[in-house]
>>> print(open('target-v4.txt').read())   # compact mmCIF, C-alpha atoms
# COMPACT_ATOMS: atom_id res chain seq x y z
CA MET A 254 47.20 5.75 137.62
CA LYS A 255 43.78 4.10 137.38
CA ARG A 256 41.06 3.86 140.01
CA GLN A 257 37.76 2.27 139.16
CA SER A 258 34.95 0.47 140.93
CA LEU A 259 32.41 -1.63 139.02
CA LEU A 260 29.11 -2.12 140.84
CA LEU A 261 26.16 -4.45 140.44
CA THR A 262 23.14 -3.50 138.36
CA LEU A 263 20.07 -3.68 140.59
CA PRO A 264 17.25 -5.65 138.88
CA ASN A 265 14.53 -3.84 140.86
CA MET A 266 15.82 -0.28 141.17
CA PRO A 267 14.25 1.45 144.22
CA TYR A 268 16.36 4.60 143.76
CA PHE A 269 16.06 7.64 141.51
CA CYS A 270 19.62 7.06 140.32
CA PHE A 271 22.40 4.57 141.05
CA PRO A 272 26.03 4.20 139.91
CA GLU A 273 26.96 1.38 137.57
CA SER A 274 30.66 2.24 137.79
CA VAL A 275 32.86 5.12 138.91
CA GLY A 276 36.54 5.87 138.46
CA GLN A 277 39.46 8.15 137.69
CA TYR A 278 42.23 7.76 135.09
CA ARG A 279 45.26 10.00 135.56
CA HIS A 280 47.87 10.73 132.90
CA ASP A 281 47.09 7.74 130.68
CA PRO A 282 47.97 8.77 127.11
CA GLU A 283 46.47 5.52 125.74
CA HIS A 284 43.02 6.05 127.26
CA SER A 285 40.60 5.68 124.35
CA VAL A 286 36.97 4.46 124.20
CA GLU A 287 34.67 3.85 121.25
CA ARG A 288 31.17 2.41 121.58
CA GLU A 289 28.67 1.85 118.81
CA ALA A 290 25.14 3.22 119.15
CA GLY A 291 23.05 0.92 121.34
CA ALA A 292 26.02 -0.65 123.12
CA LEU A 293 25.56 0.95 126.55
CA ASN A 294 22.24 1.30 128.35
CA ASN A 295 23.18 3.88 130.99
CA PHE A 296 24.12 7.55 131.30
CA ASN A 297 27.74 8.55 131.78
CA ILE A 298 29.74 11.71 132.43
CA HIS A 299 33.47 12.06 131.72
CA TYR A 300 34.98 15.15 133.29
CA CYS A 301 38.45 16.57 132.61
CA VAL A 302 40.32 17.60 135.79
CA SER A 303 43.53 18.61 134.00
CA GLY A 304 45.41 17.95 130.77
CA LYS A 305 43.45 17.55 127.53
CA GLY A 306 41.10 15.01 126.01
CA TYR A 307 38.73 14.77 123.06
CA ALA A 308 35.11 13.83 122.39
CA GLU A 309 33.95 13.11 118.86
CA ILE A 310 30.34 14.18 118.24
CA ASP A 311 28.71 13.62 114.83
CA GLY A 312 32.13 13.32 113.19
CA ILE A 313 33.46 16.54 114.76
CA VAL A 314 36.30 16.31 117.30
CA HIS A 315 35.95 18.64 120.31
CA GLU A 316 38.81 19.31 122.71
CA LEU A 317 38.07 19.05 126.44
CA ARG A 318 40.17 20.97 128.96
CA ALA A 319 40.09 21.36 132.75
CA GLY A 320 36.56 21.85 134.09
CA GLU A 321 34.85 20.55 130.92
CA ALA A 322 32.83 17.36 130.49
CA VAL A 323 30.94 15.18 128.04
CA LEU A 324 27.54 13.71 128.97
CA TYR A 325 26.19 10.67 127.11
CA PHE A 326 22.60 9.43 127.22
CA PRO A 327 21.81 5.68 127.05
CA LEU A 328 22.35 3.96 123.69
CA GLN A 329 24.28 6.88 122.17
CA LYS A 330 27.38 6.36 120.06
CA GLN A 331 30.46 7.27 122.11
CA ARG A 332 34.02 8.24 121.17
CA TYR A 333 36.38 9.94 123.60
CA TYR A 334 40.11 9.72 124.24
CA SER A 335 43.13 11.38 125.86
CA ASN A 336 45.64 13.74 124.32
CA LYS A 337 48.89 11.77 124.05
CA ASP A 338 51.22 14.72 124.71
CA ASP A 339 49.19 16.20 127.58
CA PRO A 340 47.11 13.27 128.91
CA TRP A 341 43.98 14.15 130.77
CA ASP A 342 43.18 13.43 134.38
CA VAL A 343 39.60 12.27 133.84
CA ARG A 344 36.95 11.53 136.45
CA TRP A 345 33.93 9.54 135.26
CA PHE A 346 30.84 7.73 136.40
CA HIS A 347 28.16 5.63 134.71
CA PHE A 348 24.71 5.79 136.28
CA TYR A 349 21.18 4.64 135.62
CA GLY A 350 17.66 4.88 137.02
CA GLY A 351 14.02 4.71 136.03
CA THR A 352 12.32 6.76 133.33
CA GLY A 353 12.22 9.69 135.77
CA LEU A 354 15.98 10.15 135.51
CA GLY A 355 15.87 10.69 131.75
CA ASP A 356 12.91 13.05 132.15
CA TYR A 357 14.83 15.00 134.79
CA LEU A 358 17.83 15.55 132.51
CA ILE A 359 15.66 16.37 129.50
CA GLN A 360 13.61 18.83 131.58
CA HIS A 361 16.85 20.67 132.38
CA GLY A 362 17.91 20.68 128.72
CA PHE A 363 20.81 18.23 128.95
CA HIS A 364 19.69 16.32 125.86
CA ARG A 365 20.38 19.42 123.76
CA ASN A 366 24.12 19.46 124.16
CA PRO A 367 26.74 16.78 124.90
CA LEU A 368 29.55 19.11 126.06
CA TRP A 369 29.55 21.20 129.25
CA LYS A 370 31.71 23.39 131.49
CA LEU A 371 31.31 23.51 135.28
CA GLY A 372 31.24 26.83 137.11
CA GLN A 373 32.78 25.51 140.36
CA PRO A 374 34.76 22.42 139.34
CA LYS A 375 36.30 21.76 142.79
CA VAL A 376 32.85 21.21 144.29
CA TRP A 377 32.03 18.55 141.68
CA GLU A 378 35.46 16.94 142.00
CA GLN A 379 35.02 16.62 145.78
CA ALA A 380 31.58 15.05 145.36
CA HIS A 381 33.01 12.60 142.82
CA GLU A 382 35.83 11.68 145.23
CA GLU A 383 33.24 10.91 147.93
CA LEU A 384 31.35 8.60 145.57
CA LEU A 385 34.54 6.88 144.42
CA ASP A 386 35.75 6.40 148.01
CA GLU A 387 32.40 4.90 149.02
CA ALA A 388 32.38 2.51 146.05
CA GLU A 389 35.98 1.41 146.70
CA THR A 390 35.55 1.01 150.47
CA ASN A 391 32.08 -0.45 150.88
CA ARG A 392 31.15 -1.67 147.39
CA MET A 393 27.44 -2.66 147.60
CA LEU A 394 27.17 -2.78 151.39
CA ARG A 395 25.40 0.61 151.55
CA PRO A 396 23.33 0.95 148.35
CA ALA A 397 21.20 3.81 149.71
CA HIS A 398 24.37 5.78 150.45
CA LEU A 399 25.71 5.08 146.95
CA SER A 400 22.44 6.37 145.49
CA MET A 401 22.56 9.49 147.68
CA LEU A 402 26.12 10.32 146.61
CA THR A 403 25.23 9.72 142.95
CA TYR A 404 22.26 12.05 143.23
CA MET A 405 24.41 14.71 144.90
CA LEU A 406 27.02 14.46 142.14
CA LEU A 407 24.36 14.65 139.46
CA THR A 408 22.53 17.63 140.96
CA ILE A 409 25.80 19.56 141.33
CA PHE A 410 26.42 18.91 137.63
CA VAL A 411 22.90 20.05 136.68
CA GLU A 412 23.24 23.17 138.84
CA GLN A 413 26.65 24.25 137.56
CA ALA A 414 26.99 23.00 133.99
CA VAL A 415 26.94 25.53 131.16
CA ALA A 416 26.89 24.37 127.53
CA LEU A 417 30.18 24.79 125.71
CA ALA A 418 29.96 27.29 122.87
CA GLY A 419 30.05 25.75 119.40
CA SER A 420 29.05 22.26 120.52
CA LYS A 421 25.27 22.53 120.29
CA ALA A 422 23.56 19.78 118.29
CA GLY A 423 21.33 20.77 115.41
CA THR A 424 17.58 21.11 115.86
CA SER A 425 16.97 17.95 113.81
CA GLY A 426 19.05 15.84 116.16
CA GLU A 427 17.33 17.49 119.13
CA ARG A 428 13.90 16.36 117.94
CA ILE A 429 15.06 12.75 117.82
CA MET A 430 16.90 12.86 121.16
CA GLU A 431 13.80 14.28 122.84
CA LEU A 432 11.78 11.30 121.60
CA LEU A 433 14.27 8.57 122.57
CA PRO A 434 13.17 8.18 126.22
CA LEU A 435 9.52 7.93 125.18
CA MET A 436 10.34 5.46 122.39
CA GLN A 437 12.29 3.36 124.87
CA GLN A 438 9.38 3.44 127.32
CA ASP A 439 6.85 2.40 124.63
CA ALA A 440 9.12 -0.02 122.77
CA VAL A 441 7.09 -3.13 123.70
CA LYS A 442 3.99 -1.63 122.08
CA PRO A 443 3.39 -2.03 118.31
CA PHE A 444 5.75 0.30 116.47
CA VAL A 445 3.98 2.63 114.02
CA LEU A 446 6.49 4.74 112.12
CA GLU A 447 3.91 7.32 111.02
CA GLU A 448 2.92 8.09 114.62
CA TRP A 449 6.51 8.79 115.68
CA ALA A 450 7.12 10.87 112.57
CA ASP A 451 4.05 12.96 113.47
CA LYS A 452 5.46 13.54 116.96
CA ALA A 453 8.67 14.85 115.40
CA GLY A 454 6.71 16.94 112.90
CA VAL A 455 8.29 15.37 109.81
CA THR A 456 7.46 12.78 107.18
CA PRO A 457 8.21 9.08 107.88
CA TYR A 458 10.99 9.15 105.27
CA TYR A 459 12.65 12.19 106.83
CA PHE A 460 12.15 10.80 110.34
CA CYS A 461 14.18 7.71 109.39
CA LYS A 462 16.95 9.88 107.96
CA LEU A 463 17.06 12.11 111.05
CA PHE A 464 17.00 9.09 113.35
CA LYS A 465 19.87 7.38 111.53
CA SER A 466 21.90 10.60 111.59
CA ALA A 467 21.35 11.16 115.33
CA THR A 468 21.77 7.58 116.60
CA ARG A 469 23.59 5.68 113.83
CA MET A 470 20.79 3.11 113.71
CA THR A 471 17.31 2.79 112.23
CA PRO A 472 14.19 3.35 114.35
CA MET A 473 13.42 -0.37 114.20
CA ASP A 474 16.95 -1.26 115.30
CA PHE A 475 16.46 0.97 118.33
CA ILE A 476 13.06 -0.55 119.15
CA THR A 477 14.52 -4.06 118.82
CA ARG A 478 17.36 -3.26 121.23
CA CYS A 479 14.91 -1.81 123.76
CA ARG A 480 12.58 -4.81 123.49
CA LEU A 481 15.40 -7.29 123.93
CA GLN A 482 16.77 -5.35 126.88
CA ALA A 483 13.37 -5.62 128.59
CA ALA A 484 13.08 -9.30 127.67
CA LYS A 485 16.52 -10.10 129.12
CA GLN A 486 15.56 -8.55 132.43
CA TRP A 487 12.21 -10.37 132.54
CA LEU A 488 13.79 -13.70 131.66
CA LEU A 489 15.85 -13.51 134.85
CA GLU A 490 13.29 -11.83 137.13
CA ARG A 491 10.13 -13.73 136.16
CA LYS A 492 11.32 -17.28 136.58
CA ASP A 493 7.85 -18.85 136.41
CA ASP A 494 6.82 -17.20 133.13
CA ASN A 495 7.41 -19.19 129.97
CA ILE A 496 9.26 -17.85 126.92
CA GLY A 497 6.02 -17.25 125.04
CA GLN A 498 4.61 -14.95 127.73
CA ILE A 499 7.76 -12.88 127.87
CA ALA A 500 8.07 -12.74 124.08
CA GLU A 501 4.52 -11.42 123.73
CA GLU A 502 4.93 -8.78 126.45
CA ALA A 503 8.22 -7.67 124.87
CA GLY A 504 6.39 -7.00 121.59
CA TYR A 505 6.86 -10.35 119.81
CA PRO A 506 3.60 -12.34 119.41
CA SER A 507 5.62 -14.93 117.44
CA VAL A 508 7.91 -16.96 119.72
CA SER A 509 9.96 -18.20 116.78
CA TYR A 510 10.66 -14.64 115.61
CA PHE A 511 11.52 -13.60 119.16
CA ASN A 512 13.98 -16.49 119.40
CA LYS A 513 15.49 -15.47 116.06
CA ARG A 514 15.99 -11.83 117.09
CA PHE A 515 17.33 -12.85 120.50
CA MET A 516 19.82 -15.26 118.92
CA ALA A 517 20.97 -12.61 116.44
CA HIS A 518 21.72 -10.08 119.20
CA GLU A 519 22.81 -12.30 122.09
CA GLY A 520 24.34 -15.30 120.34
CA MET A 521 22.13 -17.74 122.25
CA THR A 522 18.47 -18.66 122.69
CA PRO A 523 16.33 -17.18 125.51
CA THR A 524 16.35 -20.61 127.19
CA ALA A 525 20.15 -20.79 127.05
CA TYR A 526 20.33 -17.24 128.43
CA ARG A 527 18.27 -18.32 131.44
CA ARG A 528 20.46 -21.37 132.00
CA LEU A 529 23.56 -19.17 131.81
CA TYR A 530 22.32 -17.25 134.87
CA GLY A 531 21.06 -20.31 136.72
CA VAL A 532 17.36 -19.80 136.03
>>> encode(input="target-v4.txt", output="structure tokens")
Amino acid sequence: MKRQSLLLTLPNMPYFCFPESVGQYRHDPEHSVEREAGALNNFNIHYCVSGKGYAEIDGIVHELRAGEAVLYFPLQKQRYYSNKDDPWDVRWFHFYGGTGLGDYLIQHGFHRNPLWKLGQPKVWEQAHEELLDEAETNRMLRPAHLSMLTYMLLTIFVEQAVALAGSKAGTSGERIMELLPLMQQDAVKPFVLEEWADKAGVTPYYFCKLFKSATRMTPMDFITRCRLQAAKQWLLERKDDNIGQIAEEAGYPSVSYFNKRFMAHEGMTPTAYRRLYGV
């Protein structure tokens, strides 16, 4: 049985957090998801109600049982799937917000570990059911209520989650994950590798190795994805600004190079992207 509700992404997000999608898959032995690093620009939690599932972290497969969950930050590589003989009943939601949301989770240490166990699982399950019911019944008619239910679900998780033993990421990966939100925030500024390496307390060469190990991409690949994500949003929101203005503010003084990078990632020019969405 599958229940899922896909919601709109708000271009001007007035809320601390908001659901992008929410759902529940029950007893589906074929449930399997794999996303490359950089593919998904929101947070998501997948929580096992019953049965068994798996999350693959840095090449290591971890089993998830009832009351356990995996939390992914934006742009992380993701691999999770159900046990075929004892399929999991999995509740999940994808959510996003401003930079404050990432800071909130980092402040509470949730960047240090991807795998968690909830102390009172029924409380979280009930809160998830309320969010799923609201999304299925009213869709986007009550966005403030959707945000409130998302915040409630998230704070229950933060309050009750305890890191699973044996799943802690290494200190090297932690350094990089702590820097990701700040790198994303400053992506449109000139990228100076030495400055970011200093923040991590390592040499530029070692910073690149740590970054590739933690995210499966180079630092410049990450910056490019963040810049293009900002540019895509501005192309649709700022209808009166020309391509050159947006390119420069996204970190590309050269319009031709911006067009080249945009075409490589999106398969179309910035102008064609605007036309696609009626701008």
>>> closest_atom_pairs(input="target-v4.txt", of="region 474-507 of chain A", to="region 514-517 of chain A", cutoff="10 Å", atoms="all atoms listed in the file", output="Markdown table")
| residue | atom | partner | partner_atom | distance |
| --- | --- | --- | --- | --- |
| A:Thr477 | CA | A:Arg514 | CA | 8.1 |
| A:Arg478 | CA | A:Arg514 | CA | 9.6 |
| A:Arg480 | CA | A:Phe515 | CA | 9.8 |
| A:Leu481 | CA | A:Phe515 | CA | 6.8 |
| A:Gln482 | CA | A:Phe515 | CA | 9.9 |
| A:Ala484 | CA | A:Phe515 | CA | 9.1 |
| A:Lys485 | CA | A:Phe515 | CA | 9.1 |
| A:Ala500 | CA | A:Phe515 | CA | 9.9 |
| A:Tyr505 | CA | A:Arg514 | CA | 9.6 |
>>> residues_near_point(input="target-v4.txt", point="(16.6, 17.6, 129.6)", cutoff="12 Å", atoms="all atoms listed in the file", output="PyMOL selection string")
chain A and resi 324+326+353-367+411+427+430-434
>>> residues_around(input="target-v4.txt", residues="Tyr459 (chain A)", least_positions_apart="6", cutoff="10 Å", atoms="all atoms listed in the file", output="PyMOL selection string")
chain A and resi 450+453+465
>>> write_last_selection(input="target-v4.txt", atoms="C-alpha atoms", output="PDB file, in the coordinates of the input")
ATOM      1  CA  ALA A 450       7.120  10.870 112.570  1.00  0.00           C
ATOM      2  CA  ALA A 453       8.670  14.850 115.400  1.00  0.00           C
ATOM      3  CA  LYS A 465      19.870   7.380 111.530  1.00  0.00           C
TER       4      LYS A 465
END
>>> residues_around(input="target-v4.txt", residues="region 289-303 of chain A", least_positions_apart="6", cutoff="9 Å", atoms="all atoms listed in the file", output="PyMOL selection string")
chain A and resi 273+279+317-333+339-350+355+374+378+468-470+474-475+478-479+482
>>> closest_residue(input="target-v4.txt", among="A:Ile499, A:Ile310, A:Ala467, A:Val376", to="Phe410 (chain A)", atoms="all atoms listed in the file")
A:Val376
>>> residues_around(input="target-v4.txt", residues="region 402-405 of chain A", least_positions_apart="2", cutoff="8 Å", atoms="only C-alpha atoms", output="PyMOL selection string")
chain A and resi 269-272+348+380+383-384+398-400+407-409
>>> residues_around(input="target-v4.txt", residues="Glu283 (chain A)", least_positions_apart="4", cutoff="9 Å", atoms="all atoms listed in the file", output="list in words")
Tyr334, Ser335, Asn336, Lys337 and Pro340 of chain A
>>> closest_residue(input="target-v4.txt", among="A:Leu463, A:Ala483, A:Met266, A:Leu261", to="Gly351 (chain A)", atoms="all atoms listed in the file")
A:Met266
>>> atom_distance(input="target-v4.txt", atom1="CA of Glu412 (chain A)", atom2="CA of Trp377 (chain A)")
10.3 Å
>>> atom_distance(input="target-v4.txt", atom1="CA of His280 (chain A)", atom2="CA of Asn391 (chain A)")
26.4 Å
>>> atom_distance(input="target-v4.txt", atom1="CA of Gln413 (chain A)", atom2="CA of Ala388 (chain A)")
24.0 Å
>>> closest_residue(input="target-v4.txt", among="A:Arg527, A:Pro396, A:Phe511, A:His381", to="Arg491 (chain A)", atoms="only C-alpha atoms")
A:Arg527
